[in-house]
Every structure is written in C-alpha cells, then in structure tokens.
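Visitor: First the structure, which I've put down as structure tokens, then a few questions once you've had a look.
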Amino acid sequence: MTHPVPTTERQTAVRRSPLRRLAYSQTAAPWLFVLPFILSFALFFAYPVLSAVNMSFQEVLPGQVRYIGLENYRGLWNPTFRKALMNSTEYTVFTLLVLIPLPLVLAVFLNSKLMVLRNFFRSTLFIPALTSVVVAGTVFRLAFGELEGSLMNTFVTALGFEPQKWLRHEGLAMFTLVVLATWRWMGINILYFLAGLQNIPRELYESAEIDGATAWDRFIRITLPLLKPITIYVLTISIYGGYAMFTESYMLWAGNRSPNDIGLTIVGYLYRNGLEQNNLGLGSAVGIALLVITFTVTMIQLKLTGMFRRED
Amino acid sequence: MKRHSFLFMALILALSLALAACSGGGGKSGEESSGDGTTLEFWTFNELHEQFYQHMAERWNEQNPDRKITLKANVYPYDDMHNKLLVALQSGTGAPDLADVELNKFPNFLKGTPQLVPLNDIVEPELDNLVKSRLDIYAKDGNYYGIDFHVGASVIYYNKELLDQAGVNPDDIKTWDDFAAAGKKVLEATGKPMTTVELNDMWSIWPQVAQAPGSDDLQTADGKPNLTSDVVVKPLAFQQDLVKQGIAVPAPGGGHHAEEYYGFMNDGGAASVWMPMWYMGRFTDYMPDLKGKIVIKPMPAWNAGEPRSAGMGGTGTVITTTSKNQDLAKAFLAFAKLSREGNIEIWKFLGFDPLRSDVWDAPELREPNKFTDYFGEDIFDVLLEVKDEIEGVIVNEQTPPISDAFRTSVLVRILQDGEDPVKVLEETQSQIQ
C-alpha cells in the first residue's frame with residue numbers, strides 16, 4: 001500500500017523521525033488515530049460485557065469462584081424478577097405514551113412564531129434535565145408524601161378528594177414514576193423535536209398554505225412524516241431509558257426497597273442481587289437478560305418502523 | 001506545521017496523563033491525623049465514626065510513642081462504601097487496612113472464604129466483660145471478624161405527656177398484653193395511637209422476635225429460615241391486631257427513619273415507640289419538641305419474667321487480609337473499641353451503649369451531655385436493669401434475603417393490607433428456601 005512520495009516531501013524525508021513516518025504512513029496512521037477509541041471501547045465496554053457473560057455462568061464468592069452452568073439463569077425465573085420485568089415494561093410503555101406525543105406537540109408550539117415567551121418556555125422546560133436526579137427524587141419523595149400536608153395531597157384535597165398514600169399504592173406509585181420521568185425528560189425530547197422541526201424546509205409549508213391546507217393538515221401531512229427519523233430515534237433511546245431506569249425508583253423510596261416491590265425495576269433487581277446480596281453471578285445473569293430484552297424490543301421496534309428498509 | 005500539531009497532540013496526551021495521575025492521588029487522600037508513624041487506611045460510611053477513630057488515634061499516639069499511627073480515613077456514602085469494599089476484597093487489591101461494615105451487609109463479607117482477619121486473639125481475653133451476643137453476629141466458624149460500636153439494646157420510649165393524659169403509668173406495663181390494654185386507654189383518652197410499627201424496616205418486628213426466650217428468631221439456631229414458627233407468627237399477629245384496633249398505626253413514611261415519621265412523632269403523634277438505644281440520637285436531633293417528655297423503659301416482655309430486650313443493628317469494624325500492618329491494626333482496634341477507656345469514649349463521643357457492660361455504671365457515663373439533657377440522667381439504669389436479658393440475633397448469609405423479603409413485602413402485606421400472617425409467612429418461607 002505504499003504510494004509514491006511527492007518530490008517536495010522526498011527532500012525532507014531524510015530528516016524524518018520514525019514517529020513521524022508512522023504518522024504519515026497510510027496503513028498505520030488510521031489505526032493510530034482510532035486507537036484511543038478502540039482501546040477505551042475494548043477496556044470499558046467489550047471487556048466488561050464479555051466478563052459479565054462469563055460471570056453469569058459462575059458462582060462468584062470471595063476466594064471461591066466456580067462454574068455452575070445455567071444455574072443463575074434458572075434462578076432468574078422467580079416472582080420477584082417477573083415483578084421487576086412487569087414494572088420496567090409498564091414504566092417503559094407509559095413513558096413512551098407520554099414522552100413522545102407531548103414533547104412533539106409542545107415542540108411544534110415552541111417552534112411557532114405566534115408563541116409568546118418562546119425562549120422562556122424553552123429554557124424552563126429544559127432545566128429539569130440539568131437537575132440531579134438525586135435531588136429531584138428526594139424533592140418528589142417529599143412532594144408525594146403520604147401525610148395530609150404534602151404538596152400532592154394538598155392539591156387533591158383542594159379538589160375534594162381523599163389524601164392518598166402515593167408511594168404505597170401500586171397504581172399511584174407508577175403514576176408518580178411517570179410524572180417524575182415526564183418532568184425530567186420532557187425538555188430533552190422537546191429539544192430533539194425542535195432540531196427536527198428546524199430541518200423541515202419552510203417552502204413546504206408555504207406551498208401547502210397556497211394550496212389551501214389547514215394548520216391541522218400541515219401538521220399531519222408535513223410535520224409528522226418529516227419528523228419520522230427523529231421520532232424513531234427518540235423512541236429508541238426512550239425504550240432503552242425505560243428499561244434501564246433505576247435511580248428514579250431508588251431515590252423515590254430512599255433505597256432499593258419499595259412496599260411489595262411496586263417500584264422494583266430490572267436494574268434494581270440486578271443491584272439487589274449483585275451488590276446488596278453479593279451474588280455477582282446472578283447479577284450478571286440479570287444484566288445479560290436485560291441486554292437481550294432491550295435488544296429484542298428495539299429490533300422489533302426498528303423493524304416495525306421500517307428503519308431497515310432502504311430509502312427509495 | 002504538521003509536525004507541530006503532532007507534537008502538540010503528544011504534549012496534550014502526556015499532560016492529561018499527568019493530570020489524571022494527580023487527580024487520582026488527590027482523590028485518595030482523606031483527612032489525616034497529624035504526626036508520623038505507620039499509615040493505616042480506614043473506610044467508613046459515617047462521619048462520626050471517622051471522628052471517633054481520629055480521636056482515638058491521637059490518644060493511641062500519646063500512649064504509644066514508639067508505635068505511632070497515622071490514620072488515613074475516608075468517609076464514603078453507605079452503599080458506595082460497602083460496594084467498593086466488596087469489589088476490592090473480591091479482586092484482592094485496593095482494600096484499606098480497617099473498615100466499618102454495617103450489620104445488614106456483614107453476611108456478604110462472610111460468604112466464601114472471608115477476606116477478613118480473625119480477631120480472636122484480641123476478643124477472647126476480654127470476653128467476660130463484653131456482651132457476647134454482639135460478637136457472635138460477626139462470627140463464622142468460631143472466628144470473630146468484626147467488633148461493634150454498641151450493644152444496640154432495644155428499649156421503649158414513652159411520651160410521658162400522652163400517657164399522663166390517659167392515666168397510664170409506664171412502670172405498670174410489664175407484658176405486651178399490658179401494653180395493648182394501656183394502648184386502648186391512651187387511644188380512648190387522647191384519640192392518638194399508642195405506637196407506630198415499621199413497614200419498610202426491621203426495627204419493630206426483629207426485637208419482638210428476638211426477645212422471645214430461646215435462641216431461635218427469624219432463623220433457627222442452626223441457621224434455617226424459621227418464619228412459620230410461633231416465634232415469628234405471634235409478634236406479627238400481635239402487631240396486626242394492634243393496627244386493626246387503631247392502637248398502632250403503620251409509621252408515616254413507612255419507618256422510624258422517615259422524615260414524615262419524625263414530624264409526626266415530634267408533634268406528639270403517638271405515645272410510644274420501641275427502638276434500640278442508638279435511636280436516642282434521632283430524638284435529640286430530629287424531634288426537639290419532645291425534650292423532657294420522653295422516658296426510656298425496658299420493652300414489655302411476652303410473658304412476665306421473660307427477656308425484655310434484644311441487641312439490634314450495629315457496625316463491625318474489620319481488618320482486611322490485604323492489610324500489610326495487621327498486628328498494629330489489631331492493637332489499635334482493641335484499644336479503640338475493647339478497652340475500658342475506648343468504651344467510655346464511645347458513649348461520650350457517639351452516645352452509644354458501649355459493648356463493655358462493666359463500664360455501664362462508670363461515673364463518666366453520668367456526666368451531663370445532650371442525651372442526659374434530653375432524657376434525664378438515669379439512661380443507663382434501664383440498661384443495667386435488663387443487662388442479662390439482652391437477647392442476640394442470628395445473622396448469616398440468609399439474613400439479607402430474609403430482611404429484604406420483610407422490608408418489601410411481608411410487613412406491608414400483613415400490617416398494611418391485612419393479609420393472614422400465617423399464609424404470608426408460609427409463602428415467604430417457601431420462596432427463601
């Protein structure tokens with residue numbers, strides 16, 4: 001793969017150090033420049049994943065590590081894991097139902113010239129994303145407290161309802177989790193959709209208007225179809241984000257334990273087994289199961305939304 | 001030009017490496033006590049424990065000028081510290097010389113071959129003066145691996161004001177049946193519940209289970225889950241009955257460490273709570289309005305004459321096998337936690353009921369401090385009264401799953417949802433086995 005060196009370069013070739021030759025070599029240089037990425041990928045991604053796969057077939061105890069075949073995976077199919085799986089799935093579905101349509105519509109409003117205080121709303125909706133989830137979780141825990149004086153109970157009693165035990169009731173707990181997620185991720189998703197909206201050529205709307213299309217028609221027939229790539233992207237990261245949720249639940253119940261496990265997620269189950277009960281083998285098996293689940297769901301989703309079809 | 005940019009890149013790379021090395025070093029150094037000597041690294045999750053050990057290190061250096069130590073202490077968040085320590089011991093590098101391990105996490109460190117140093121040679125000479133059940137919880141196969149700060153004797157804290165309104169004398173409450181009857185009076189007279197029970201922690205149920213005579217509690221003496229036995233069913237049925245009658249309510253916020261509970265209790269929400277001695281600090285710090293209104297008494301017994309207390313909770317200080325100065329660490333640990341001097345400092349510094357029962361009547365323990373200001377001067381009289389009735393608990397590898405089951409489902413199902421205790425406990429027992 002050696003190429004003829006240009007004459008001007010040849011004159012200086014004598015003075016080149018070996019290091020410099022390496023940097024100019026057409027075969028070696030590309031590798032040299034991607035090396036930091038390859039190294040960090042191998043060290044911080046590939047190695048841990050492979051090691052987790054390996055550990056999922058082991059019983060890992062201090063000073064005593066041995067292979068136990070599929071025992072960890074067999075132990076996985078228990079009511080608590082099923083509960084965690086159900087919770088994570090429900091949470092993912094609800095966050096998708098809220099966090100795709102709502103930010104999309106809000107982004108359209110915020111993108112419109114008619115909207116007052118556009119920049120104010122843009123920044124205020126984004127601020128929660130910058131807040132530490134640890135702080136936010138603690139504030140939400142107090143706001144959704146069970147005493148009559150808590151923020152949420154003040155609201156519902158003002159509306160004439162009974163005060164609720166928000167974090168002790170299955171449905172209300174899921175509601176709280178989804179509210180926290182909405183509060184936190186709304187701004188980010190709006191940002192994605194705004195970026196998408198600004199890429200839609202203005203002329204399309206103008207010509208549609210001339211043809212007599214109403215605002216609704218323009219939204220349905222121009223905005224939505226042209227936002228499809230960005231919607232698919234948001235959908236994909238939201239699915240992963242939903243299944244990987246842990247901190248929110250951890251902070252809301254001030255620990256990894258919620259009554260009757262109503263807030264237990266798959267990652268929470270991993271944490272409980274792998275670290276809290278020092279069973280890293282089972283923890284790894286949970287992690288691999290989570291990987292398989294998110295991978296499958298995402299693949300199905302990408303297939304259904306036609307991401308693998310060739311563009312016409 | 002090109003050469004320059006390449007050199008520039010190399011320079012940046014070298015710089016960032018150097019910086020990374022700096023920050024690595026900077027992150028590691030914690031607070032150090034003054035003076036030279038052998039450096040011992042210590043990890044804990046509690047700043048007060050760190051201060052206590054620094055204080056003891058200074059005293060050690062005064063008394064042992066030829067064996068001086070520099071205690072390098074790091075305080076990490078609770079979960080972080082235990083996880084870090086577990087991983088360090090698993091991998092065999094990076095562990096400190098000394099570390100605090102909380103009782104609920106301790107069994108994790110005893111799994112497999114414990115990577116901790118047996119402390120028998122410093123514990124055994126003092127065994128007669130120590131509350132032995134508090135050492136057994138950190139033991140495996142006859143080896144003691146941890147030394148606790150306190151006995152954690154469970155007692156009952158009564159709100160005298162509410163009891164007076166109902167005309168109840170706390171000294172007349174000898175058994176749990178008396179307690180229920182007194183609770184009924186309090187409820188009728190004041191409209192307030194007699195007590196609260198925890199849904200997300202073990203401090204209401206475990207002392208009641210452990211105080212029963214005999215060595216079985218949540219597990220049998222030989223380490224099998226014991227959830228369906230009378231020892232466990234009876235207290236839960238008792239608590240459920242109190243809740244159904246309104247004599248007890250589930251603790252607001254789910255437990256006795258919730259912000260909601262502190263507020264509720266501080267406003268005189270309930271007339272009593274049974275918790276270990278170390279809970280005194282929560283009263284002084286989080287329930288200031290109850291100052292002077294709380295009296296400490298021994299817990300009621302199941303039957304007159306049966307034990308009235310159990311040692312609860314705790315943090316064992318351990319020495320790791322990777323430590324290069326194990327003997328020095330052991331000598332220092334013995335000085336800080338097993339000596340008479342150390343035990344008196346534990347009360348003065350931390351307000352805990354110290355492990356050595358022979359210091360409980362020492363005059364130093366009667367000196368005024370924030371606890372005697374709040375509860376009165378005779379705190380240790382209660383402890384001396386129940387001295388021989390402090391039951392131990394069985395802690396082993398099954399403790400974490402069992403307590404998880406209680407803290408997430410068993411207590412909620414029985415005390416909040418009103419399910420049949422026997423049915424719930426049978427289901428849980430079969431899942432754990």
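Convention: chains lettered A, B, ... in structure tokens order; per-chain residue numbering from 1; ligands numbered from 1 as shown.
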Give me, as a list in words, all polymer residues having an atom no more than 7 Å from stretch 162-164 of chain A, counting only C-alpha atoms and skipping those fewer than 3 positions away in the same chain.
Guide: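 My reading of the contact set: Glu146, Glu148, Asn153, Val156 and Thr157 of chain A.
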Visitor: Tell me which protein, DNA and RNA residues are within 8 Å of B:Glu377, counting only C-alpha atoms, leaving out same-chain ones fewer than 4 positions away, and put them as an mmCIF file with all heavy atoms, in the first residue's frame.
Guide:
```cif
data_model
loop_
_atom_site.group_PDB
_atom_site.id
_atom_site.type_symbol
_atom_site.label_atom_id
_atom_site.label_comp_id
_atom_site.auth_asym_id
_atom_site.auth_seq_id
_atom_site.Cartn_x
_atom_site.Cartn_y
_atom_site.Cartn_z
ATOM 1 N N ARG B 366 -22.341 9.200 83.613
ATOM 2 C CA ARG B 366 -23.401 10.016 84.233
ATOM 3 C C ARG B 366 -23.153 11.504 84.000
ATOM 4 O O ARG B 366 -23.955 12.323 84.410
ATOM 5 C CB ARG B 366 -23.451 9.755 85.732
ATOM 6 C CG ARG B 366 -23.542 8.277 86.036
ATOM 7 C CD ARG B 366 -24.678 7.986 86.977
ATOM 8 N NE ARG B 366 -25.084 6.607 86.822
ATOM 9 C CZ ARG B 366 -26.323 6.177 86.950
ATOM 10 N NH1 ARG B 366 -27.275 7.026 87.253
ATOM 11 N NH2 ARG B 366 -26.640 4.916 86.785
ATOM 12 N N PRO B 368 -23.122 15.062 82.386
ATOM 13 C CA PRO B 368 -24.162 15.614 81.526
ATOM 14 C C PRO B 368 -23.691 15.751 80.082
ATOM 15 O O PRO B 368 -22.561 16.132 79.814
ATOM 16 C CB PRO B 368 -24.447 16.993 82.138
ATOM 17 C CG PRO B 368 -23.338 17.271 83.088
ATOM 18 C CD PRO B 368 -22.707 15.977 83.458
ATOM 19 N N THR B 372 -28.324 13.229 78.258
ATOM 20 C CA THR B 372 -28.883 13.335 79.602
ATOM 21 C C THR B 372 -29.771 14.579 79.707
ATOM 22 O O THR B 372 -30.762 14.576 80.429
ATOM 23 C CB THR B 372 -27.765 13.393 80.664
ATOM 24 O OG1 THR B 372 -26.850 14.416 80.271
ATOM 25 C CG2 THR B 372 -27.031 12.084 80.762
ATOM 26 N N ASP B 373 -29.417 15.643 78.953
ATOM 27 C CA ASP B 373 -30.273 16.830 78.930
ATOM 28 C C ASP B 373 -31.661 16.491 78.429
ATOM 29 O O ASP B 373 -32.663 17.036 78.873
ATOM 30 C CB ASP B 373 -29.690 17.900 77.985
ATOM 31 C CG ASP B 373 -28.486 18.568 78.603
ATOM 32 O OD1 ASP B 373 -28.218 18.302 79.789
ATOM 33 O OD2 ASP B 373 -27.809 19.333 77.887
#
```
Visitor: Identify all chain B residues at most 6 Å from chain A by counting only C-alpha atoms; ligands do not count. Present them as a short mmCIF file (atom, residue, chain, number, x, y, z; two decimals) with all heavy atoms, in the first residue's frame.
Guide:
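This went into part08.cif:
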```
data_model
loop_
_atom_site.label_atom_id
_atom_site.label_comp_id
_atom_site.auth_asym_id
_atom_site.auth_seq_id
_atom_site.Cartn_x
_atom_site.Cartn_y
_atom_site.Cartn_z
N GLN B 90 -12.95 -8.75 46.70
CA GLN B 90 -13.15 -9.78 45.67
C GLN B 90 -11.93 -9.82 44.75
O GLN B 90 -11.47 -10.89 44.37
CB GLN B 90 -14.40 -9.43 44.86
CG GLN B 90 -14.80 -10.46 43.83
CD GLN B 90 -15.70 -11.51 44.41
OE1 GLN B 90 -16.68 -11.21 45.09
NE2 GLN B 90 -15.38 -12.76 44.16
N ASN B 108 -22.57 -10.59 53.66
CA ASN B 108 -21.97 -10.61 52.33
C ASN B 108 -20.46 -10.80 52.40
O ASN B 108 -19.85 -11.37 51.50
CB ASN B 108 -22.25 -9.30 51.60
CG ASN B 108 -23.70 -9.20 51.18
OD1 ASN B 108 -24.37 -10.21 51.02
ND2 ASN B 108 -24.18 -7.98 51.00
N GLY B 112 -18.21 -17.35 51.15
CA GLY B 112 -16.99 -17.96 50.63
C GLY B 112 -15.92 -18.00 51.70
O GLY B 112 -16.18 -18.28 52.87
N THR B 113 -14.69 -17.69 51.33
CA THR B 113 -13.61 -17.58 52.29
C THR B 113 -13.51 -16.12 52.71
O THR B 113 -13.19 -15.28 51.88
CB THR B 113 -12.26 -17.98 51.65
OG1 THR B 113 -12.49 -19.16 50.89
CG2 THR B 113 -11.20 -18.21 52.69
N THR B 408 -39.75 -5.52 51.98
CA THR B 408 -40.50 -5.18 50.78
C THR B 408 -41.92 -5.71 50.82
O THR B 408 -42.84 -5.02 50.45
CB THR B 408 -39.81 -5.69 49.51
OG1 THR B 408 -39.56 -7.07 49.65
CG2 THR B 408 -38.51 -4.97 49.27
N SER B 409 -42.11 -6.97 51.27
CA SER B 409 -43.46 -7.49 51.14
C SER B 409 -44.13 -7.95 52.44
O SER B 409 -45.27 -7.57 52.70
CB SER B 409 -43.51 -8.59 50.08
OG SER B 409 -42.83 -9.72 50.54
#
```
Visitor: Using only C-alpha atoms, which protein or nucleic acid residues come within 12 Å of A:Pro201? Drop anything in the same chain fewer than 6 positions from it, and give the result as a PyMOL selection string.
Guide: chain A and resi 207-208+222-223+226-227
Visitor: Between B:Pro207, B:Pro77, B:Gly246, B:Gly376, which one has atoms that come closest to B:Lys291, using only C-alpha atoms?
Guide: B:Gly376
Visitor: Out of stretch 119-294 of chain B, which residues get alpha helix (DSSP H) from DSSP, as an MDAnalysis selection string?
Guide: chainID B and resid 120:123 133:136 160:166 176:190 205:210 230:245 259:266 280:286
